[in-house]
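This is upload26.tsv. It holds TSV, C-alpha atoms.
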chain	number	residue	atom	x	y	z
A	300	MET	CA	2.58	16.14	-15.46
A	301	ALA	CA	0.75	13.94	-12.97
A	302	ARG	CA	-0.04	14.71	-9.34
A	303	ILE	CA	0.98	11.69	-7.28
A	304	PHE	CA	0.74	10.94	-3.57
A	305	ILE	CA	3.08	8.31	-2.12
A	306	THR	CA	2.74	6.93	1.38
A	307	GLY	CA	5.93	6.18	3.29
A	308	SER	CA	8.03	8.25	0.93
A	309	THR	CA	10.82	9.50	3.18
A	310	GLN	CA	13.02	6.42	2.76
A	311	GLY	CA	13.47	3.16	0.86
A	312	LEU	CA	11.26	2.28	-2.08
A	313	GLY	CA	8.86	5.15	-1.47
A	314	ARG	CA	11.63	7.71	-1.54
A	315	GLY	CA	13.14	6.09	-4.63
A	316	ALA	CA	9.82	6.27	-6.46
A	317	ALA	CA	9.33	9.88	-5.35
A	318	GLU	CA	12.76	10.94	-6.56
A	319	SER	CA	12.34	9.31	-9.96
A	320	LEU	CA	8.88	10.80	-10.46
A	321	ILE	CA	10.01	14.29	-9.44
A	322	GLU	CA	12.94	14.01	-11.83
A	323	GLY	CA	10.43	13.02	-14.50
A	324	GLY	CA	8.58	16.30	-14.02
A	325	HIS	CA	5.69	15.08	-11.91
A	326	ALA	CA	4.20	16.81	-8.87
A	327	VAL	CA	4.71	14.45	-5.94
A	328	VAL	CA	3.15	14.76	-2.51
A	329	LEU	CA	5.33	13.09	0.11
A	330	HIS	CA	4.17	11.39	3.28
A	331	ALA	CA	6.11	11.19	6.53
A	332	ARG	CA	5.12	9.37	9.70
A	333	ASP	CA	6.18	12.29	11.89
A	334	ARG	CA	7.89	15.68	11.75
A	335	SER	CA	11.37	14.29	12.38
A	336	ARG	CA	11.13	12.33	9.13
A	337	VAL	CA	10.18	15.47	7.24
A	338	GLU	CA	13.35	17.14	8.48
A	339	ALA	CA	15.38	14.13	7.33
A	340	VAL	CA	14.31	14.65	3.69
A	341	ALA	CA	14.42	18.42	3.52
A	342	GLY	CA	16.20	18.40	0.16
A	343	LEU	CA	13.58	16.15	-1.40
A	344	ALA	CA	10.71	17.99	0.27
A	345	ASP	CA	11.89	21.24	-1.29
A	346	ARG	CA	11.26	19.74	-4.74
A	347	ALA	CA	7.96	18.09	-3.86
A	348	ALA	CA	4.45	19.44	-4.38
A	349	GLY	CA	3.77	19.07	-0.68
A	350	VAL	CA	4.41	17.00	2.42
A	351	VAL	CA	1.74	15.49	4.64
A	352	VAL	CA	2.32	13.95	8.06
A	353	GLY	CA	0.56	11.17	9.90
A	354	ASP	CA	1.17	7.83	11.58
A	355	LEU	CA	-0.69	5.14	9.63
A	356	ALA	CA	-0.85	2.96	12.74
A	357	SER	CA	-3.36	5.46	14.15
A	358	ARG	CA	-6.88	5.71	12.78
A	359	GLU	CA	-7.17	9.32	13.96
A	360	GLU	CA	-3.94	10.32	12.23
A	361	THR	CA	-4.87	8.42	9.08
A	362	LEU	CA	-8.19	10.27	8.88
A	363	ALA	CA	-6.34	13.56	9.36
A	364	LEU	CA	-3.88	12.52	6.66
A	365	ALA	CA	-6.74	12.03	4.20
A	366	GLU	CA	-7.93	15.55	4.96
A	367	GLN	CA	-4.45	16.95	4.38
A	368	VAL	CA	-4.18	15.27	0.99
A	369	ASN	CA	-7.67	16.27	-0.12
A	370	ALA	CA	-6.91	19.87	0.86
A	371	LEU	CA	-4.07	19.84	-1.68
A	372	GLY	CA	-6.44	18.85	-4.47
A	373	ARG	CA	-7.27	15.67	-6.35
A	374	MET	CA	-4.38	13.32	-7.06
A	375	ASP	CA	-4.00	11.61	-10.43
A	376	ALA	CA	-2.40	8.59	-8.77
A	377	VAL	CA	-1.72	7.20	-5.31
A	378	ILE	CA	1.06	4.74	-4.48
A	379	TYR	CA	0.45	2.87	-1.23
A	380	ASN	CA	4.04	2.13	-0.37
A	381	ALA	CA	4.19	2.37	3.44
A	382	GLY	CA	4.40	-0.95	5.24
A	383	VAL	CA	5.52	-2.84	8.31
A	384	TYR	CA	7.39	-6.14	8.11
A	385	THR	CA	7.50	-8.78	10.84
A	386	GLU	CA	7.17	-7.75	14.48
A	387	SER	CA	8.20	-10.10	17.25
A	388	GLU	CA	4.99	-9.56	19.18
A	389	ARG	CA	1.49	-8.27	18.59
A	390	SER	CA	2.02	-4.56	19.15
A	391	GLY	CA	-1.36	-2.88	19.26
A	392	THR	CA	-2.42	0.43	17.78
A	393	PRO	CA	-4.44	3.03	19.72
A	394	GLU	CA	-7.55	1.24	18.43
A	395	GLY	CA	-6.25	-2.18	19.47
A	396	HIS	CA	-5.43	-3.57	16.01
A	397	PRO	CA	-2.12	-5.31	15.33
A	398	ARG	CA	0.24	-2.66	13.94
A	399	VAL	CA	1.09	-4.83	10.93
A	400	LEU	CA	-2.59	-5.05	10.01
A	401	ALA	CA	-3.22	-1.36	10.59
A	402	VAL	CA	-0.32	-0.02	8.54
A	403	ASN	CA	-0.28	-2.62	5.76
A	404	LEU	CA	-4.01	-2.90	5.20
A	405	LEU	CA	-6.40	-0.77	7.24
A	406	ALA	CA	-4.69	2.54	6.48
A	407	PRO	CA	-4.54	1.95	2.69
A	408	TYR	CA	-8.20	0.97	2.77
A	409	LEU	CA	-9.20	4.06	4.76
A	410	LEU	CA	-7.25	6.38	2.51
A	411	THR	CA	-8.68	4.71	-0.59
A	412	ALA	CA	-12.18	5.25	0.75
A	413	LEU	CA	-11.62	8.85	1.86
A	414	LEU	CA	-9.35	10.42	-0.74
A	415	GLU	CA	-10.88	12.05	-3.77
A	416	ARG	CA	-10.81	9.22	-6.28
A	417	PRO	CA	-7.68	9.23	-8.47
A	418	ASP	CA	-7.22	7.68	-11.91
A	419	ARG	CA	-4.62	5.19	-10.74
A	420	LEU	CA	-4.02	3.19	-7.58
A	421	VAL	CA	-0.87	1.19	-6.88
A	422	TYR	CA	-0.58	-1.08	-3.84
A	423	LEU	CA	2.78	-2.51	-2.80
A	424	THR	CA	2.41	-6.13	-1.88
A	425	SER	CA	4.86	-9.01	-1.50
A	426	GLY	CA	5.46	-12.46	-2.90
A	427	LEU	CA	4.82	-13.61	0.66
A	428	HIS	CA	1.12	-12.95	0.07
A	429	ARG	CA	1.06	-16.50	-1.31
A	430	GLY	CA	1.41	-17.77	2.25
A	431	GLY	CA	-1.52	-15.73	3.54
A	432	ASP	CA	-4.54	-17.40	5.13
A	433	PRO	CA	-7.65	-16.86	2.98
A	434	SER	CA	-10.04	-18.01	5.71
A	435	LEU	CA	-10.24	-14.50	7.22
A	436	ARG	CA	-10.50	-16.13	10.64
A	437	ASP	CA	-9.17	-14.02	13.51
A	438	VAL	CA	-7.57	-11.39	11.28
A	439	GLU	CA	-6.79	-9.32	14.39
A	440	TRP	CA	-4.90	-12.13	16.11
A	441	THR	CA	-6.87	-12.01	19.33
A	442	ALA	CA	-7.42	-15.79	19.51
A	443	ARG	CA	-4.41	-17.20	17.66
A	444	ARG	CA	-0.89	-17.34	18.98
A	445	TRP	CA	1.04	-14.51	17.33
A	446	ASN	CA	3.06	-15.54	14.27
A	447	PRO	CA	5.03	-12.59	12.80
A	448	MET	CA	5.52	-14.02	9.30
A	449	GLN	CA	1.96	-15.27	9.03
A	450	ALA	CA	0.56	-11.90	10.13
A	451	TYR	CA	2.63	-10.14	7.48
A	452	SER	CA	1.68	-12.64	4.75
A	453	ASP	CA	-2.00	-12.35	5.68
A	454	SER	CA	-1.90	-8.55	5.44
A	455	LYS	CA	-0.35	-8.70	1.99
A	456	LEU	CA	-2.82	-11.31	0.73
A	457	TYR	CA	-5.73	-9.10	1.79
A	458	LEU	CA	-4.09	-5.99	0.34
A	459	THR	CA	-3.61	-7.70	-3.03
A	460	ALA	CA	-7.25	-8.78	-2.98
A	461	LEU	CA	-8.20	-5.17	-2.22
A	462	ALA	CA	-6.34	-3.99	-5.33
A	463	PHE	CA	-8.09	-6.58	-7.48
A	464	GLY	CA	-11.48	-5.93	-5.94
A	465	LEU	CA	-11.19	-2.21	-6.66
A	466	ALA	CA	-10.19	-2.90	-10.26
A	467	ARG	CA	-13.48	-4.75	-10.64
A	468	ARG	CA	-15.66	-2.35	-8.64
A	469	TRP	CA	-14.21	0.86	-10.06
A	470	PRO	CA	-13.77	0.30	-13.82
A	471	GLY	CA	-12.75	3.92	-14.33
A	472	VAL	CA	-9.72	3.50	-12.06
A	473	ARG	CA	-6.55	1.54	-12.83
A	474	SER	CA	-5.85	-0.46	-9.69
A	475	ASN	CA	-2.79	-2.71	-9.53
A	476	ALA	CA	-0.64	-4.56	-7.02
A	477	VAL	CA	3.17	-4.54	-7.23
A	478	ASP	CA	5.65	-6.96	-5.71
A	479	PRO	CA	8.93	-4.99	-5.53
A	480	GLY	CA	10.96	-8.06	-4.61
A	481	TRP	CA	13.27	-8.48	-1.65
A	482	VAL	CA	15.37	-5.34	-1.79
A	483	PRO	CA	17.94	-3.78	0.59
A	484	THR	CA	15.75	-1.22	2.32
A	485	ARG	CA	15.36	-0.69	6.05
A	486	MET	CA	12.55	-3.25	5.91
A	487	GLY	CA	14.32	-5.72	3.62
A	488	GLY	CA	17.66	-5.53	5.39
A	489	PRO	CA	21.18	-5.00	4.02
A	490	ASN	CA	21.56	-8.58	2.75
A	491	ALA	CA	18.52	-8.55	0.48
A	492	PRO	CA	19.49	-9.75	-3.01
A	493	GLY	CA	17.24	-7.44	-5.05
A	494	ASP	CA	18.08	-4.15	-6.76
A	495	LEU	CA	16.68	-1.00	-5.17
A	496	GLN	CA	16.29	0.81	-8.50
A	497	THR	CA	14.35	-2.07	-10.03
A	498	GLY	CA	12.35	-2.33	-6.83
A	499	HIS	CA	10.73	1.10	-7.17
A	500	GLU	CA	10.59	1.31	-10.95
A	501	THR	CA	7.33	-0.58	-11.52
A	502	GLN	CA	5.16	1.40	-9.13
A	503	ALA	CA	6.38	4.71	-10.55
A	504	TRP	CA	5.75	3.42	-14.08
A	505	LEU	CA	2.20	2.29	-13.30
A	506	ALA	CA	1.44	5.57	-11.54
A	507	ALA	CA	2.56	7.94	-14.28
A	508	SER	CA	3.53	6.30	-17.56
A	509	ASP	CA	1.66	6.85	-20.83
A	510	ASP	CA	3.02	3.50	-22.03
A	511	PRO	CA	0.06	1.40	-23.30
A	512	GLU	CA	1.40	-1.54	-21.28
A	513	ALA	CA	0.84	0.50	-18.10
A	514	ALA	CA	-2.75	1.39	-19.05
A	515	VAL	CA	-4.20	-1.68	-17.36
A	516	SER	CA	-6.04	-2.59	-14.20
A	517	GLY	CA	-6.32	-5.64	-12.00
A	518	GLY	CA	-2.73	-6.77	-12.42
A	519	TYR	CA	-0.15	-8.27	-10.10
A	520	TRP	CA	3.27	-6.99	-11.20
A	521	PHE	CA	6.88	-7.91	-10.60
A	522	HIS	CA	9.59	-5.85	-12.32
A	523	ARG	CA	7.20	-4.53	-15.00
A	524	SER	CA	5.97	-8.02	-15.84
A	525	ARG	CA	2.52	-9.34	-14.96
A	526	ARG	CA	2.46	-12.45	-12.83
A	527	GLU	CA	-0.27	-14.66	-11.46
A	528	PRO	CA	-1.10	-13.88	-7.83
A	529	ALA	CA	-2.23	-16.44	-5.27
A	530	ALA	CA	-5.45	-18.05	-6.43
A	531	PRO	CA	-7.78	-16.45	-3.81
A	532	VAL	CA	-6.85	-12.96	-5.05
A	533	SER	CA	-8.70	-13.47	-8.33
A	534	ASP	CA	-11.76	-14.97	-6.64
A	535	GLU	CA	-14.53	-12.37	-6.58
A	536	ARG	CA	-16.10	-13.96	-3.49
A	537	PHE	CA	-12.82	-13.63	-1.62
A	538	GLN	CA	-12.41	-10.03	-2.78
A	539	GLU	CA	-15.88	-9.20	-1.49
A	540	ALA	CA	-15.21	-10.98	1.80
A	541	VAL	CA	-12.04	-8.94	2.29
A	542	LEU	CA	-13.84	-5.69	1.47
A	543	ALA	CA	-16.64	-6.55	3.90
A	544	GLU	CA	-14.13	-7.34	6.66
A	545	LEU	CA	-12.30	-4.07	6.04
A	546	ALA	CA	-15.55	-2.14	6.23
A	547	ARG	CA	-16.32	-3.90	9.53
A	548	LEU	CA	-12.89	-3.24	11.02
A	549	THR	CA	-12.76	0.42	10.01
A	550	GLY	CA	-16.42	1.40	10.13
A	551	VAL	CA	-16.01	2.94	6.67
A	552	GLU	CA	-17.65	1.70	3.47
A	553	LEU	CA	-16.13	2.26	0.07
A	554	PRO	CA	-18.00	4.96	-1.86
Could you express the structure from this file as structure tokens?
Amino acid sequence: MARIFITGSTQGLGRGAAESLIEGGHAVVLHARDRSRVEAVAGLADRAAGVVVGDLASREETLALAEQVNALGRMDAVIYNAGVYTESERSGTPEGHPRVLAVNLLAPYLLTALLERPDRLVYLTSGLHRGGDPSLRDVEWTARRWNPMQAYSDSKLYLTALAFGLARRWPGVRSNAVDPGWVPTRMGGPNAPGDLQTGHETQAWLAASDDPEAAVSGGYWFHRSRREPAAPVSDERFQEAVLAELARLTGVELP
């Protein structure tokens, strides 16, 4: 039995992964953005190993979330599932970051740095990371004109590089990135062509399976198959540049 923490696990892919892992006998810690979302999954929460609450758009709440998880004990795996898709305008967080950047990238980085180190890390990315800008210029969109799709793609490119950079820096940890495909969740919309079951299967498998094929690190996965990510992701210099930028933006260095 593994102890697994999943961000954004009250709906969509995160909830699907949580349900399948609980049914598989694992101890899953759920995450909800606020108390109302906890109430919405009462039946699932009753079967979980715990529920933690915090808005990942807020640095203060993300730091408190890390404390809540650490208080429950060390996790064997963490699935960073929570994310924000395109937003029509640059909506700022309490710290002034674009919400897309904060939720998709800064919060996973902060939690990775602050949680007691697990054996496995799984970061949900997107095929749209291929359209991300590797220049790292104006990542906070204070000088550029806001472009919703570009901001999302950028966040996922940097997140994928984070997963690969950690696989290299932390050889004792299996760190992987998963593209779940375009699936009919609240984020993906009702017309998405993908299958919801297939969409959450890979991250659950990487987080808990004893299958030798899952005992790897530094992979970019799509439906339990390894794929090649965008070229910058595998570039160690780009990985280090992303990690340095994340440390600058958050004020927190990786241990």
Check: Quick one: residues within 6 Å of range 465-481 of chain A, only C-alpha atoms counted, chain neighbours fewer than 2 positions away excluded, as a PyMOL selection string?
Finding: chain A and resi 418-425+459+462-463+491+493+498+516-521
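Reported to one decimal place, the separation of CA of Leu404 in chain A from CA of Ala326 in chain A is 25.6 Å.
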(message) Here's a test: counting all atoms listed in the file, identify every protein, DNA and RNA residue with an atom at most 10 Å from (-15.4, -10.5, -5.1) in the file's coordinate frame, and state them as an MDAnalysis selection string.
(response) chainID A and resid 460:461 463:465 467:468 531:543
request  = Would you kindly return, as a ChimeraX atom specification, each protein, DNA or RNA residue with an atom no farther than 9 Å from any atom of Arg373 in chain A, considering only C-alpha atoms and excluding same-chain residues fewer than 5 positions away?
outcome  = /A:302,368,414-417
Using only C-alpha atoms, can you tell me which of A:Leu312, A:Val350, A:Ile321, A:Ala529 comes closest to Asp453 in chain A?
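Of A:Leu312, A:Val350, A:Ile321, A:Ala529, the one nearest Asp453 in chain A is A:Ala529, counting only C-alpha atoms.
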Is there a way to complete range 347-369 of chain A with N, CA, C and O atoms and then write that out as a JSON list (two decimals), in the coordinates of the input?
[["chain", "number", "residue", "atom", "x", "y", "z"],
["A", 347, "ALA", "N", 9.26, 18.76, -3.80],
["A", 347, "ALA", "CA", 7.96, 18.09, -3.86],
["A", 347, "ALA", "C", 6.82, 19.10, -3.94],
["A", 347, "ALA", "O", 6.99, 20.29, -3.69],
["A", 348, "ALA", "N", 5.63, 18.59, -4.29],
["A", 348, "ALA", "CA", 4.45, 19.44, -4.38],
["A", 348, "ALA", "C", 3.80, 19.65, -3.01],
["A", 348, "ALA", "O", 2.88, 20.45, -2.87],
["A", 349, "GLY", "N", 4.31, 18.94, -2.03],
["A", 349, "GLY", "CA", 3.77, 19.07, -0.68],
["A", 349, "GLY", "C", 4.22, 17.91, 0.17],
["A", 349, "GLY", "O", 4.72, 16.89, -0.34],
["A", 350, "VAL", "N", 4.07, 18.07, 1.47],
["A", 350, "VAL", "CA", 4.41, 17.00, 2.42],
["A", 350, "VAL", "C", 3.27, 16.91, 3.44],
["A", 350, "VAL", "O", 2.87, 17.92, 4.01],
["A", 351, "VAL", "N", 2.78, 15.70, 3.64],
["A", 351, "VAL", "CA", 1.74, 15.49, 4.64],
["A", 351, "VAL", "C", 2.30, 14.55, 5.71],
["A", 351, "VAL", "O", 3.20, 13.75, 5.46],
["A", 352, "VAL", "N", 1.76, 14.68, 6.91],
["A", 352, "VAL", "CA", 2.32, 13.95, 8.06],
["A", 352, "VAL", "C", 1.22, 13.20, 8.79],
["A", 352, "VAL", "O", 0.15, 13.75, 9.05],
["A", 353, "GLY", "N", 1.51, 11.94, 9.12],
["A", 353, "GLY", "CA", 0.56, 11.17, 9.90],
["A", 353, "GLY", "C", 1.03, 9.74, 10.08],
["A", 353, "GLY", "O", 1.61, 9.15, 9.17],
["A", 354, "ASP", "N", 0.79, 9.20, 11.26],
["A", 354, "ASP", "CA", 1.17, 7.83, 11.58],
["A", 354, "ASP", "C", 0.05, 6.89, 11.14],
["A", 354, "ASP", "O", -1.06, 6.93, 11.67],
["A", 355, "LEU", "N", 0.33, 6.03, 10.18],
["A", 355, "LEU", "CA", -0.69, 5.14, 9.63],
["A", 355, "LEU", "C", -1.12, 4.05, 10.61],
["A", 355, "LEU", "O", -2.10, 3.35, 10.35],
["A", 356, "ALA", "N", -0.42, 3.91, 11.72],
["A", 356, "ALA", "CA", -0.85, 2.96, 12.74],
["A", 356, "ALA", "C", -2.02, 3.52, 13.56],
["A", 356, "ALA", "O", -2.67, 2.78, 14.30],
["A", 357, "SER", "N", -2.29, 4.80, 13.41],
["A", 357, "SER", "CA", -3.36, 5.46, 14.15],
["A", 357, "SER", "C", -4.52, 5.80, 13.23],
["A", 357, "SER", "O", -4.33, 6.45, 12.20],
["A", 358, "ARG", "N", -5.70, 5.38, 13.58],
["A", 358, "ARG", "CA", -6.88, 5.71, 12.78],
["A", 358, "ARG", "C", -7.09, 7.22, 12.73],
["A", 358, "ARG", "O", -7.34, 7.79, 11.66],
["A", 359, "GLU", "N", -6.96, 7.87, 13.89],
["A", 359, "GLU", "CA", -7.17, 9.32, 13.96],
["A", 359, "GLU", "C", -6.19, 10.06, 13.04],
["A", 359, "GLU", "O", -6.58, 10.96, 12.29],
["A", 360, "GLU", "N", -4.93, 9.65, 13.07],
["A", 360, "GLU", "CA", -3.94, 10.32, 12.23],
["A", 360, "GLU", "C", -4.13, 9.98, 10.75],
["A", 360, "GLU", "O", -3.85, 10.81, 9.88],
["A", 361, "THR", "N", -4.61, 8.79, 10.46],
["A", 361, "THR", "CA", -4.87, 8.42, 9.08],
["A", 361, "THR", "C", -6.02, 9.23, 8.51],
["A", 361, "THR", "O", -5.98, 9.70, 7.37],
["A", 362, "LEU", "N", -7.07, 9.43, 9.31],
["A", 362, "LEU", "CA", -8.19, 10.27, 8.88],
["A", 362, "LEU", "C", -7.73, 11.71, 8.64],
["A", 362, "LEU", "O", -8.13, 12.35, 7.66],
["A", 363, "ALA", "N", -6.87, 12.21, 9.54],
["A", 363, "ALA", "CA", -6.34, 13.56, 9.36],
["A", 363, "ALA", "C", -5.46, 13.64, 8.12],
["A", 363, "ALA", "O", -5.43, 14.67, 7.42],
["A", 364, "LEU", "N", -4.74, 12.57, 7.85],
["A", 364, "LEU", "CA", -3.88, 12.52, 6.66],
["A", 364, "LEU", "C", -4.73, 12.64, 5.40],
["A", 364, "LEU", "O", -4.36, 13.36, 4.46],
["A", 365, "ALA", "N", -5.85, 11.94, 5.35],
["A", 365, "ALA", "CA", -6.74, 12.03, 4.20],
["A", 365, "ALA", "C", -7.21, 13.47, 3.99],
["A", 365, "ALA", "O", -7.28, 13.96, 2.85],
["A", 366, "GLU", "N", -7.51, 14.14, 5.08],
["A", 366, "GLU", "CA", -7.93, 15.55, 4.96],
["A", 366, "GLU", "C", -6.81, 16.41, 4.42],
["A", 366, "GLU", "O", -7.05, 17.31, 3.59],
["A", 367, "GLN", "N", -5.59, 16.18, 4.87],
["A", 367, "GLN", "CA", -4.45, 16.95, 4.38],
["A", 367, "GLN", "C", -4.27, 16.77, 2.87],
["A", 367, "GLN", "O", -4.03, 17.74, 2.14],
["A", 368, "VAL", "N", -4.37, 15.53, 2.42],
["A", 368, "VAL", "CA", -4.18, 15.27, 0.99],
["A", 368, "VAL", "C", -5.31, 15.89, 0.18],
["A", 368, "VAL", "O", -5.08, 16.54, -0.85],
["A", 369, "ASN", "N", -6.54, 15.70, 0.61],
["A", 369, "ASN", "CA", -7.67, 16.27, -0.12],
["A", 369, "ASN", "C", -7.61, 17.79, -0.18],
["A", 369, "ASN", "O", -8.04, 18.40, -1.17]]
